[in-house]
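J.: One structure is given below, represented as structure tokens, and several questions about it will come after.
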Amino acid sequence: GAVVSQHPSRVICKSGTSVKIECRSLDFQATTMFWYRQFPKKSLMLMATSNEGSKATYEQGVEKDKFLINHASLTLSTLTVTSAHPEDSSFYICSALGGTSGAPDTQYFGPGTRLTVL
Amino acid sequence: GENVEQHPSTLSVQEGDSAVIKCTYSDSASNYFPWYKQELGKRPQLIIDIRSNVGEKKDQRIAVTLNKTAKHFSLHITETQPEDSAVYFCAASITGGGNKLTFGTGTQLKVEL
């Protein structure tokens, strides 16, 4: 299998609040997951690599204290946007590496979470 | 780090025609090249991929070619249909080297009736 889910699909929050997004691999175990951000009509920008049981690795320019990532199990990674501001509004997509039907280097994507910060 | 360039940014074809999207990459260590299709507001879906040990791969109406020497790879869609309309992204990564994907900028394909 290679099914990845995300929750919520859409969230609207007030400026200054924190939002948690969940990414789950439903039918396979994923030791590695990735978090991306996508602006309208733009490409996917890698934010961080999430490894089960260890600290996430953030890409250059991504604030690790603002985008908290936890990968506590082989099927769940969470991204928490802390003290969200309007500029954090975006489409956040996760992916999981592997899957039982794919090669170990293939990434399968979740459906994305549309975050709007008012 | 890796840099992936993708062309064209938009492509309009008539139904039944072929469409070709081209990408170039900079890191010669990259060895895995997937192509994703993304419809508006949806997840990217893997449509085909190729590894550096082969030069061409085909799956029904979709084919991908890879030229390692020139560091470029292309997506070919034959007999296009309206449902092929979407944004297509190429990407590159190093298997075992973190497996981080670097994406191209995307191509908006429109198949007109």
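In the structure tokens, each chain is lettered A, B, ... as it comes, each chain's residues begin at 1, and ligands are numbered from 1 in order of appearance.
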If you run DSSP on the backbone here, which positions in chain B get strand (DSSP E or B)? Please write them as a VMD selection string.
T.: chain B and resid 4 to 7 10 to 14 19 to 25 32 to 38 45 to 51 56 to 59 62 to 67 72 to 77 86 to 93 102 to 103 107 to 112
J.: Residues of chain A within 7 Å of chain B, counting only C-alpha atoms - could you list those as a list in words?
T.: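 Written out as asked, the residues are Lys42, Ser43, Leu44, Asp105, Phe109, Gly110, Pro111 and Gly112 of chain A.
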J.: Hey, what's within 7 Å of Leu68 (chain A) if we count only C-alpha atoms and toss same-chain stuff fewer than 5 positions away? As a list in words, please?
T.: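 Skipping anything fewer than 5 positions along the chain leaves Leu79, Thr80 and Val81 of chain A.
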J.: Please produce a file of those selected residues containing N, CA and C atoms, as a tab-separated table (two decimals), in the first residue's frame.
T.:
chain	number	residue	atom	x	y	z
A	79	LEU	N	3.00	18.41	12.11
A	79	LEU	CA	3.61	19.72	11.89
A	79	LEU	C	2.77	20.73	12.65
A	80	THR	N	3.39	21.44	13.57
A	80	THR	CA	2.68	22.48	14.31
A	80	THR	C	3.22	23.84	13.91
A	81	VAL	N	2.33	24.66	13.40
A	81	VAL	CA	2.69	26.03	13.05
A	81	VAL	C	2.41	26.87	14.29
J.: Any idea what the distance is between CA of Tyr92 (chain A) and CA of Tyr36 (chain A)?
T.: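 Interatomic distance here is 5.7 Å.
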J.: To one decimal place, how far is CA of Val62 (chain A) from CA of Gly16 (chain A) in Å?
T.: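 Those two atoms sit 18.3 Å apart.
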J.: Neighbours of Gln81 (chain B) within 6 Å (only C-alpha atoms; same-chain residues fewer than 2 positions away dropped), as an MDAnalysis selection string?
T.: chainID B and resid 15 83:84
J.: Got time to write the residues from that selection, all heavy atoms, as a short mmCIF file (atom, residue, chain, number, x, y, z; two decimals), in the first residue's frame?
T.:
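The new file result-v1.cif reads:
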data_model
loop_
_atom_site.label_atom_id
_atom_site.label_comp_id
_atom_site.auth_asym_id
_atom_site.auth_seq_id
_atom_site.Cartn_x
_atom_site.Cartn_y
_atom_site.Cartn_z
N GLU B 15 -6.45 17.88 -28.32
CA GLU B 15 -6.71 16.48 -27.95
C GLU B 15 -6.20 15.53 -29.03
O GLU B 15 -6.45 15.74 -30.21
CB GLU B 15 -8.21 16.28 -27.74
CG GLU B 15 -8.58 14.89 -27.27
CD GLU B 15 -10.07 14.72 -27.08
OE1 GLU B 15 -10.83 15.62 -27.48
OE2 GLU B 15 -10.48 13.67 -26.54
N GLU B 83 -8.55 14.88 -19.73
CA GLU B 83 -8.23 14.57 -18.33
C GLU B 83 -6.73 14.59 -18.04
O GLU B 83 -6.31 14.48 -16.88
CB GLU B 83 -8.82 13.21 -17.93
CG GLU B 83 -8.51 12.08 -18.88
CD GLU B 83 -9.61 11.86 -19.91
OE1 GLU B 83 -10.19 12.84 -20.39
OE2 GLU B 83 -9.86 10.67 -20.23
N ASP B 84 -5.92 14.76 -19.07
CA ASP B 84 -4.49 14.95 -18.84
C ASP B 84 -4.17 16.38 -18.42
O ASP B 84 -3.06 16.67 -17.99
CB ASP B 84 -3.70 14.63 -20.12
CG ASP B 84 -3.76 13.16 -20.52
OD1 ASP B 84 -3.89 12.30 -19.61
OD2 ASP B 84 -3.71 12.86 -21.72
#
J.: Which residues, written as number ranges by chain, have at least one atom at most 8 Å from Ser95 (chain A), with only C-alpha atoms counted and residues fewer than 5 positions away on the same chain left out?
T.: A: 4, 23, 33-35, 107-110
J.: Would you write out those residues with N, CA and C atoms, as a tab-separated table (two decimals), in the first residue's frame?
T.:
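The resulting out.tsv:
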chain	number	residue	atom	x	y	z
A	4	VAL	N	-1.47	7.91	1.96
A	4	VAL	CA	-1.08	8.90	2.96
A	4	VAL	C	-2.26	9.85	3.17
A	23	CYS	N	-0.06	13.96	9.60
A	23	CYS	CA	0.22	13.21	8.38
A	23	CYS	C	0.35	11.74	8.76
A	33	MET	N	9.31	10.88	6.66
A	33	MET	CA	8.26	11.68	6.04
A	33	MET	C	8.84	13.06	5.75
A	34	PHE	N	8.22	13.74	4.82
A	34	PHE	CA	8.68	15.07	4.44
A	34	PHE	C	7.52	16.05	4.52
A	35	TRP	N	7.85	17.30	4.84
A	35	TRP	CA	6.85	18.36	4.86
A	35	TRP	C	7.21	19.41	3.82
A	107	GLN	N	8.32	8.72	-3.02
A	107	GLN	CA	7.52	9.49	-2.08
A	107	GLN	C	6.06	9.50	-2.50
A	108	TYR	N	5.19	9.25	-1.52
A	108	TYR	CA	3.75	9.30	-1.74
A	108	TYR	C	3.19	10.44	-0.91
A	109	PHE	N	2.37	11.26	-1.56
A	109	PHE	CA	1.93	12.50	-0.96
A	109	PHE	C	0.56	12.41	-0.31
A	110	GLY	N	0.40	13.19	0.76
A	110	GLY	CA	-0.91	13.36	1.37
A	110	GLY	C	-1.71	14.36	0.55
J.: Report as a PyMOL selection string all protein, DNA and RNA residues lying within 10 Å of Glu87 (chain A), evaluated on only C-alpha atoms, omitting residues in the same chain fewer than 4 positions from it.
T.: chain A and resi 15+116-118
J.: Quote the spacing between CA of Asn53 (chain B) and CA of Leu66 (chain B) in Å to one decimal place.
T.: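 Those two atoms sit 9.4 Å apart.
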J.: Write out as a PyMOL selection string the residues lying within 12 Å of Thr32 (chain A), counting only C-alpha atoms and excluding same-chain residues fewer than 3 positions away.
T.: (chain A and resi 23-25+28-29+35+48-57+70-77+94-99+104-108) or (chain B and resi 96+98-100)
J.: Output N, CA, C and O atoms of each residue in that selection to a file, as a compact mmCIF listing (two decimals), in the first residue's frame.
T.:
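So out.txt came out as:
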# COMPACT_ATOMS: atom_id res chain seq x y z
N CYS A 23 -0.06 13.96 9.60
CA CYS A 23 0.22 13.21 8.38
C CYS A 23 0.35 11.74 8.76
O CYS A 23 1.17 11.40 9.62
N ARG A 24 -0.48 10.90 8.15
CA ARG A 24 -0.47 9.48 8.49
C ARG A 24 -0.26 8.61 7.25
O ARG A 24 -0.84 8.85 6.20
N SER A 25 0.58 7.61 7.41
CA SER A 25 0.68 6.57 6.40
C SER A 25 -0.30 5.48 6.82
O SER A 25 -0.16 4.91 7.90
N PHE A 28 1.12 1.47 5.46
CA PHE A 28 2.52 1.09 5.50
C PHE A 28 3.22 1.91 6.57
O PHE A 28 2.70 2.93 7.04
N GLN A 29 4.37 1.45 6.97
CA GLN A 29 5.15 2.16 7.97
C GLN A 29 6.18 3.04 7.28
O GLN A 29 6.84 2.61 6.34
N TRP A 35 7.85 17.30 4.84
CA TRP A 35 6.85 18.36 4.86
C TRP A 35 7.21 19.41 3.82
O TRP A 35 8.36 19.87 3.76
N ALA A 48 11.15 20.37 5.64
CA ALA A 48 11.91 19.56 6.58
C ALA A 48 11.72 18.08 6.30
O ALA A 48 10.74 17.67 5.69
N THR A 49 12.69 17.32 6.79
CA THR A 49 12.63 15.86 6.75
C THR A 49 12.36 15.37 8.15
O THR A 49 13.06 15.76 9.11
N SER A 50 11.35 14.52 8.27
CA SER A 50 10.92 14.01 9.56
C SER A 50 11.29 12.53 9.67
O SER A 50 10.84 11.72 8.86
N ASN A 51 12.12 12.19 10.63
CA ASN A 51 12.54 10.81 10.83
C ASN A 51 11.99 10.29 12.15
O ASN A 51 12.12 10.96 13.19
N GLU A 52 11.39 9.13 12.11
CA GLU A 52 10.79 8.53 13.29
C GLU A 52 11.82 8.37 14.39
O GLU A 52 12.90 7.82 14.17
N GLY A 53 11.49 8.90 15.57
CA GLY A 53 12.33 8.72 16.73
C GLY A 53 13.50 9.68 16.84
O GLY A 53 14.31 9.56 17.76
N SER A 54 13.63 10.60 15.91
CA SER A 54 14.74 11.56 15.99
C SER A 54 14.27 12.95 15.60
O SER A 54 13.15 13.13 15.14
N LYS A 55 15.13 13.91 15.78
CA LYS A 55 14.78 15.29 15.47
C LYS A 55 14.67 15.49 13.96
O LYS A 55 15.41 14.88 13.19
N ALA A 56 13.78 16.38 13.60
CA ALA A 56 13.62 16.67 12.19
C ALA A 56 14.81 17.48 11.66
O ALA A 56 15.48 18.19 12.41
N THR A 57 15.04 17.35 10.38
CA THR A 57 16.09 18.12 9.72
C THR A 57 15.42 19.19 8.88
O THR A 57 14.64 18.87 7.97
N ASN A 70 7.07 16.58 14.78
CA ASN A 70 7.21 15.42 15.66
C ASN A 70 6.85 14.17 14.88
O ASN A 70 5.83 14.12 14.20
N HIS A 71 7.70 13.17 14.98
CA HIS A 71 7.47 11.91 14.26
C HIS A 71 7.59 10.79 15.28
O HIS A 71 8.59 10.07 15.32
N ALA A 72 6.56 10.65 16.11
CA ALA A 72 6.62 9.77 17.27
C ALA A 72 6.35 8.31 16.96
O ALA A 72 6.67 7.43 17.75
N SER A 73 5.77 8.04 15.80
CA SER A 73 5.50 6.65 15.46
C SER A 73 5.79 6.43 13.98
O SER A 73 6.03 7.38 13.24
N LEU A 74 5.76 5.18 13.56
CA LEU A 74 6.09 4.85 12.17
C LEU A 74 4.97 5.19 11.20
O LEU A 74 5.12 5.01 10.00
N THR A 75 3.84 5.67 11.72
CA THR A 75 2.74 6.02 10.83
C THR A 75 2.23 7.44 11.01
O THR A 75 1.27 7.84 10.36
N LEU A 76 2.88 8.22 11.86
CA LEU A 76 2.35 9.56 12.14
C LEU A 76 3.47 10.58 12.30
O LEU A 76 4.40 10.40 13.08
N SER A 77 3.34 11.67 11.55
CA SER A 77 4.19 12.83 11.74
C SER A 77 3.27 14.04 11.87
O SER A 77 2.23 14.11 11.20
N CYS A 94 2.37 16.81 3.07
CA CYS A 94 3.36 15.87 3.57
C CYS A 94 3.54 14.74 2.57
O CYS A 94 2.71 14.53 1.68
N SER A 95 4.63 14.04 2.70
CA SER A 95 4.83 12.83 1.91
C SER A 95 5.50 11.79 2.80
O SER A 95 6.13 12.12 3.80
N ALA A 96 5.31 10.55 2.43
CA ALA A 96 5.93 9.45 3.16
C ALA A 96 6.78 8.66 2.19
O ALA A 96 6.41 8.45 1.03
N LEU A 97 7.90 8.20 2.68
CA LEU A 97 8.85 7.49 1.84
C LEU A 97 8.59 6.00 1.87
O LEU A 97 8.40 5.41 2.93
N GLY A 98 8.54 5.39 0.69
CA GLY A 98 8.47 3.95 0.62
C GLY A 98 7.10 3.44 0.26
O GLY A 98 6.60 3.69 -0.81
N GLY A 99 6.48 2.74 1.18
CA GLY A 99 5.23 2.08 0.84
C GLY A 99 5.52 0.66 0.43
O GLY A 99 6.58 0.37 -0.12
N PRO A 104 11.83 1.93 -2.19
CA PRO A 104 12.11 2.66 -0.94
C PRO A 104 12.43 4.13 -1.13
O PRO A 104 12.46 4.87 -0.15
N ASP A 105 12.69 4.55 -2.37
CA ASP A 105 12.99 5.97 -2.58
C ASP A 105 11.82 6.74 -3.17
O ASP A 105 11.96 7.91 -3.52
N THR A 106 10.67 6.11 -3.25
CA THR A 106 9.50 6.77 -3.83
C THR A 106 8.71 7.49 -2.75
O THR A 106 8.45 6.93 -1.69
N GLN A 107 8.32 8.72 -3.02
CA GLN A 107 7.52 9.49 -2.08
C GLN A 107 6.06 9.50 -2.50
O GLN A 107 5.74 9.74 -3.66
N TYR A 108 5.19 9.25 -1.52
CA TYR A 108 3.75 9.30 -1.74
C TYR A 108 3.19 10.44 -0.91
O TYR A 108 3.50 10.57 0.27
N GLY B 96 19.16 7.03 -1.21
CA GLY B 96 20.06 6.72 -0.11
C GLY B 96 20.79 7.94 0.41
O GLY B 96 21.41 7.90 1.47
N GLY B 98 19.49 10.70 1.53
CA GLY B 98 18.46 11.52 2.15
C GLY B 98 17.13 11.46 1.40
O GLY B 98 16.09 11.77 1.95
N ASN B 99 17.20 11.08 0.12
CA ASN B 99 15.99 10.93 -0.70
C ASN B 99 15.17 12.20 -0.80
O ASN B 99 13.97 12.15 -1.05
N LYS B 100 15.80 13.35 -0.60
CA LYS B 100 15.07 14.61 -0.70
C LYS B 100 14.81 14.94 -2.15
O LYS B 100 15.72 14.94 -2.97
J.: Using only C-alpha atoms, which residue out of B:Gln38, B:Ser26, B:Gln6, B:Gln14 lies closest to Lys41 (chain A)?
T.: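 Checking each of B:Gln38, B:Ser26, B:Gln6, B:Gln14 against Lys41 (chain A), counting only C-alpha atoms, the winner is B:Gln38.
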J.: Taking only C-alpha atoms into account, name the residue in A:Ala103, A:Ser9, A:Ala2, A:Val19 that is nearest to Phe91 (chain A).
T.: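 Among the listed residues, A:Ser9 lies closest to Phe91 (chain A).
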